[in-house]
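S.K.: I have a structure I would like to understand better, so I am pasting it below and will then ask my questions one at a time.
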Amino acid sequence: MTCDDAKLLIHAYLDDELDAGDSASVARHMDDCTACKARFDAYATLRKALSQPELYHRAPDALRQHWTATTAVPTTTRRARRPRVPLSMAAAAGFVAALLLSGPAWLHLLRSGHTGDALVAEVVSGHVRSLQQQHLMDVVSTNQHTVKPWFEGKLDFAPRVKDLADEGFPLVGGRLDAVEGRSVAVLVYKRRLHVINLFQWPVETGAVSPQTATQEHGYTVIRWTDASMQYVAISDVNESDLRQFALAFQNDGSAAAAR
């Protein structure tokens, strides 16, 4: 199975709508493809968010009666044979319909940046996955001169690695992850008992953008671009602590500059 095949079936797989053979094929593909696994985890996170009760509202009885009356279909029409819709198209249509029918609450979430940002959803998924046992780090070290060389030959770019122990954010290791279908570097820091994941990968524009912060599923996510690199920091620490971390990393570890 290719990534293109998996993209067509991943929603149906998430909804347990595939037969045993296709389901096993998708599962085997995701075992070997971190990008497709990350995409699946992002969809699962979004699906969970869409299941929140506050997103759904019962239609008034008058509207329901009007809808029933105006959409009644004659028996002869109902019995007419309809063309079959491919499973992948049906799954995609159902997913879009769920977004549209969730009403004003969903629109509010989308406008405010919650659950509607695919990149943030993927980063949240990667962060949660990393907190599982044995998933946090591929290289364990507090020495930036050990962590940075570990990435050589594994990525098509050289990540920026810094130890911020003097600012209260010690480096503890790093790992590879996937965001938007590409391999990225993740540096792992600690803030007391909390984990901070810093995702980074190159961007083509080369533009510098200021920090933007969002809240997603109880996590704070801060994004910025600098020197042709995209950075995304995520943690369950409070926003002020994560902003302090991001500023310290941006300002070459200068606590004075961060303040």
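Going through the structure tokens in order, the chains are called A, B, and so on, while each chain numbers its residues from 1 and the ligands are numbered from 1 in the order shown.
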Residues at most 10 Å from range 37-46 of chain A, counting only C-alpha atoms, excluding those fewer than 2 positions away in the same chain, as a compact mmCIF listing (two decimals) with N, CA, C and O atoms, in the first residue's frame?
M.R.:
# COMPACT_ATOMS: atom_id res chain seq x y z
N ALA A 6 -3.27 5.02 1.34
CA ALA A 6 -3.60 5.16 2.76
C ALA A 6 -4.41 6.42 3.01
O ALA A 6 -5.34 6.43 3.83
N LYS A 7 -4.08 7.52 2.30
CA LYS A 7 -4.83 8.76 2.49
C LYS A 7 -6.30 8.59 2.15
O LYS A 7 -7.17 9.19 2.78
N ILE A 10 -7.85 6.25 5.15
CA ILE A 10 -7.52 6.46 6.56
C ILE A 10 -8.74 6.86 7.39
O ILE A 10 -8.90 6.46 8.53
N HIS A 11 -9.67 7.65 6.79
CA HIS A 11 -10.87 8.03 7.53
C HIS A 11 -11.77 6.81 7.75
O HIS A 11 -12.35 6.64 8.84
N TYR A 13 -10.76 3.77 7.92
CA TYR A 13 -10.07 2.94 8.91
C TYR A 13 -10.34 3.46 10.32
O TYR A 13 -10.61 2.70 11.25
N LEU A 14 -10.31 4.80 10.47
CA LEU A 14 -10.58 5.40 11.77
C LEU A 14 -11.99 5.09 12.25
O LEU A 14 -12.22 4.87 13.44
N ASP A 15 -12.94 5.02 11.31
CA ASP A 15 -14.34 4.75 11.66
C ASP A 15 -14.67 3.26 11.65
O ASP A 15 -15.83 2.88 11.79
N VAL A 26 -3.84 -1.11 5.88
CA VAL A 26 -3.62 0.24 6.40
C VAL A 26 -2.78 0.20 7.67
O VAL A 26 -1.86 0.99 7.86
N ALA A 27 -3.10 -0.74 8.55
CA ALA A 27 -2.36 -0.85 9.82
C ALA A 27 -0.90 -1.17 9.56
O ALA A 27 0.00 -0.58 10.19
N HIS A 29 0.81 -0.49 6.84
CA HIS A 29 1.44 0.68 6.22
C HIS A 29 1.81 1.71 7.28
O HIS A 29 2.92 2.27 7.25
N MET A 30 0.93 1.95 8.25
CA MET A 30 1.22 2.95 9.28
C MET A 30 2.33 2.50 10.23
O MET A 30 3.01 3.33 10.82
N ASP A 31 2.51 1.20 10.37
CA ASP A 31 3.63 0.71 11.17
C ASP A 31 4.97 1.11 10.57
O ASP A 31 5.95 1.31 11.30
N ASP A 32 5.01 1.26 9.23
CA ASP A 32 6.27 1.57 8.55
C ASP A 32 6.35 3.02 8.09
O ASP A 32 7.41 3.45 7.63
N CYS A 33 5.26 3.79 8.18
CA CYS A 33 5.23 5.16 7.66
C CYS A 33 4.86 6.13 8.77
O CYS A 33 3.71 6.21 9.18
N THR A 34 5.84 6.87 9.26
CA THR A 34 5.58 7.80 10.36
C THR A 34 4.67 8.95 9.92
O THR A 34 3.89 9.46 10.72
N ALA A 35 4.75 9.35 8.65
CA ALA A 35 3.93 10.46 8.17
C ALA A 35 2.45 10.07 8.19
O ALA A 35 1.60 10.84 8.65
N LYS A 48 -11.96 13.21 18.20
CA LYS A 48 -12.29 13.27 19.62
C LYS A 48 -12.81 14.65 20.00
O LYS A 48 -13.76 14.78 20.77
N ALA A 49 -12.18 15.69 19.42
CA ALA A 49 -12.62 17.05 19.72
C ALA A 49 -14.05 17.28 19.22
O ALA A 49 -14.85 17.95 19.87
N LEU A 50 -14.37 16.71 18.05
CA LEU A 50 -15.70 16.89 17.47
C LEU A 50 -16.78 16.13 18.23
O LEU A 50 -17.97 16.38 18.02
N SER A 51 -16.37 15.21 19.08
CA SER A 51 -17.36 14.43 19.82
C SER A 51 -17.81 15.13 21.10
O SER A 51 -18.66 14.60 21.82
N HIS A 114 -8.86 26.55 17.42
CA HIS A 114 -8.92 25.28 18.14
C HIS A 114 -9.40 24.18 17.21
O HIS A 114 -10.45 24.31 16.59
N THR A 115 -8.68 23.10 17.15
CA THR A 115 -8.96 21.88 16.40
C THR A 115 -9.00 22.10 14.90
O THR A 115 -8.92 21.14 14.15
N GLY A 116 -9.11 23.34 14.43
CA GLY A 116 -9.17 23.57 13.00
C GLY A 116 -7.80 23.67 12.36
O GLY A 116 -7.70 23.69 11.14
N ASP A 117 -6.73 23.79 13.14
CA ASP A 117 -5.40 23.95 12.62
C ASP A 117 -4.75 22.57 12.52
O ASP A 117 -4.43 21.95 13.53
N ALA A 118 -4.57 22.11 11.29
CA ALA A 118 -4.04 20.75 11.10
C ALA A 118 -2.63 20.63 11.65
O ALA A 118 -2.25 19.60 12.22
N LEU A 119 -1.80 21.68 11.48
CA LEU A 119 -0.43 21.61 11.96
C LEU A 119 -0.41 21.47 13.49
O LEU A 119 0.31 20.64 14.04
N VAL A 120 -1.22 22.30 14.17
CA VAL A 120 -1.27 22.22 15.63
C VAL A 120 -1.78 20.85 16.06
O VAL A 120 -1.27 20.25 17.01
N ALA A 121 -2.78 20.32 15.35
CA ALA A 121 -3.31 19.00 15.69
C ALA A 121 -2.23 17.93 15.58
O ALA A 121 -2.14 17.03 16.42
N GLU A 122 -1.41 18.01 14.54
CA GLU A 122 -0.33 17.02 14.36
C GLU A 122 0.70 17.15 15.47
O GLU A 122 1.21 16.15 15.99
N VAL A 123 1.03 18.40 15.85
CA VAL A 123 2.02 18.62 16.91
C VAL A 123 1.48 18.11 18.25
O VAL A 123 2.21 17.47 19.02
N VAL A 124 0.21 18.39 18.54
CA VAL A 124 -0.40 17.88 19.77
C VAL A 124 -0.37 16.36 19.78
O VAL A 124 -0.02 15.73 20.79
N SER A 125 -0.69 15.75 18.64
CA SER A 125 -0.67 14.30 18.54
C SER A 125 0.73 13.76 18.80
O SER A 125 0.92 12.78 19.53
N GLY A 126 1.74 14.41 18.18
CA GLY A 126 3.12 13.97 18.39
C GLY A 126 3.56 14.12 19.83
O GLY A 126 4.29 13.28 20.37
N VAL A 128 1.57 14.12 22.57
CA VAL A 128 0.90 13.11 23.39
C VAL A 128 1.52 11.73 23.17
O VAL A 128 1.75 10.98 24.11
N ARG A 129 1.81 11.42 21.91
CA ARG A 129 2.43 10.12 21.60
C ARG A 129 3.80 9.99 22.27
O ARG A 129 4.19 8.92 22.74
N ASP A 177 10.46 13.02 14.35
CA ASP A 177 9.01 12.93 14.31
C ASP A 177 8.57 13.33 12.90
O ASP A 177 9.43 13.56 12.03
N ALA A 178 7.27 13.40 12.65
CA ALA A 178 6.75 13.78 11.34
C ALA A 178 5.65 14.81 11.51
O ALA A 178 4.78 14.66 12.36
N VAL A 179 5.71 15.88 10.69
CA VAL A 179 4.70 16.92 10.67
C VAL A 179 4.43 17.29 9.22
O VAL A 179 5.37 17.51 8.44
N GLU A 180 3.16 17.31 8.84
CA GLU A 180 2.77 17.66 7.47
C GLU A 180 3.48 16.80 6.43
O GLU A 180 3.89 17.27 5.37
N GLY A 181 3.68 15.54 6.76
CA GLY A 181 4.25 14.61 5.81
C GLY A 181 5.75 14.66 5.65
O GLY A 181 6.31 14.03 4.75
N HIS A 217 -6.48 21.32 23.75
CA HIS A 217 -6.63 20.12 24.58
C HIS A 217 -5.79 20.19 25.86
O HIS A 217 -5.18 19.19 26.27
S.K.: Using DSSP on the backbone, list every residue of range 97-242 of chain A that comes out as strand (DSSP E), and give them as a ChimeraX atom specification.
M.R.: /A:139-140,171-179,182-191,194-202,209-216,219-226,229-235
S.K.: Hey, what's within 6 Å of Arg223 in chain A if we count only C-alpha atoms and toss same-chain stuff fewer than 5 positions away? As a list in words, please?
M.R.: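 Once the nearby chain positions are removed, what remains is Gln211, Thr212, Tyr231 and Val232 of chain A.
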S.K.: Next, dump the selected residues to file, keeping only all heavy atoms, as a compact mmCIF listing (two decimals), in the first residue's frame.
M.R.:
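Here's the written file result.txt:
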# COMPACT_ATOMS: atom_id res chain seq x y z
N GLN A 211 6.07 35.26 17.74
CA GLN A 211 5.44 34.14 18.43
C GLN A 211 3.92 34.30 18.41
O GLN A 211 3.38 35.38 18.59
CB GLN A 211 5.90 34.08 19.88
CG GLN A 211 7.36 33.76 20.08
CD GLN A 211 7.72 33.73 21.55
OE1 GLN A 211 6.85 33.73 22.42
NE2 GLN A 211 9.01 33.70 21.84
N THR A 212 3.23 33.18 18.19
CA THR A 212 1.78 33.13 18.34
C THR A 212 1.46 31.95 19.24
O THR A 212 2.03 30.86 19.08
CB THR A 212 1.06 32.96 16.99
OG1 THR A 212 1.51 31.75 16.36
CG2 THR A 212 1.34 34.15 16.08
N TYR A 231 9.49 26.85 14.10
CA TYR A 231 9.58 26.27 15.44
C TYR A 231 8.19 26.18 16.04
O TYR A 231 7.38 27.11 15.92
CB TYR A 231 10.45 27.14 16.35
CG TYR A 231 11.88 27.27 15.91
CD1 TYR A 231 12.30 28.35 15.14
CD2 TYR A 231 12.84 26.31 16.26
CE1 TYR A 231 13.62 28.47 14.72
CE2 TYR A 231 14.16 26.43 15.86
CZ TYR A 231 14.55 27.51 15.09
OH TYR A 231 15.85 27.63 14.68
N VAL A 232 7.92 25.06 16.70
CA VAL A 232 6.66 24.88 17.42
C VAL A 232 6.99 24.25 18.76
O VAL A 232 7.49 23.12 18.83
CB VAL A 232 5.66 23.99 16.65
CG1 VAL A 232 4.34 23.93 17.41
CG2 VAL A 232 5.44 24.49 15.24
S.K.: What lies within 9 Å of Lys190 in chain A using only C-alpha atoms, ignoring chain neighbours under 2 positions off, as a list in words?
M.R.: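 Once the nearby chain positions are removed, what remains is Ala165, Gly168, Phe169, Pro170, Leu171, Val172, Val188, Arg192, Leu193, His194, Val195, Ile196 and Asn197 of chain A.
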S.K.: Give the answer as one residue: which of A:Leu18, A:Val237, A:Leu155, A:Val161 has the shortest atom-to-atom distance to Ser141 in chain A, using only C-alpha atoms?
M.R.: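 Between A:Leu18, A:Val237, A:Leu155, A:Val161, the residue approaching Ser141 in chain A most closely is A:Val161.
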S.K.: What lies within 9 Å of Pro210 in chain A using only C-alpha atoms, ignoring chain neighbours under 6 positions off, as a VMD selection string?
M.R.: chain A and resid 223 to 226
S.K.: CA of Ala185 in chain A to CA of Glu167 in chain A: how many Å, to one decimal?
M.R.: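 Calculated distance between CA of Ala185 in chain A and CA of Glu167 in chain A is 21.8 Å.
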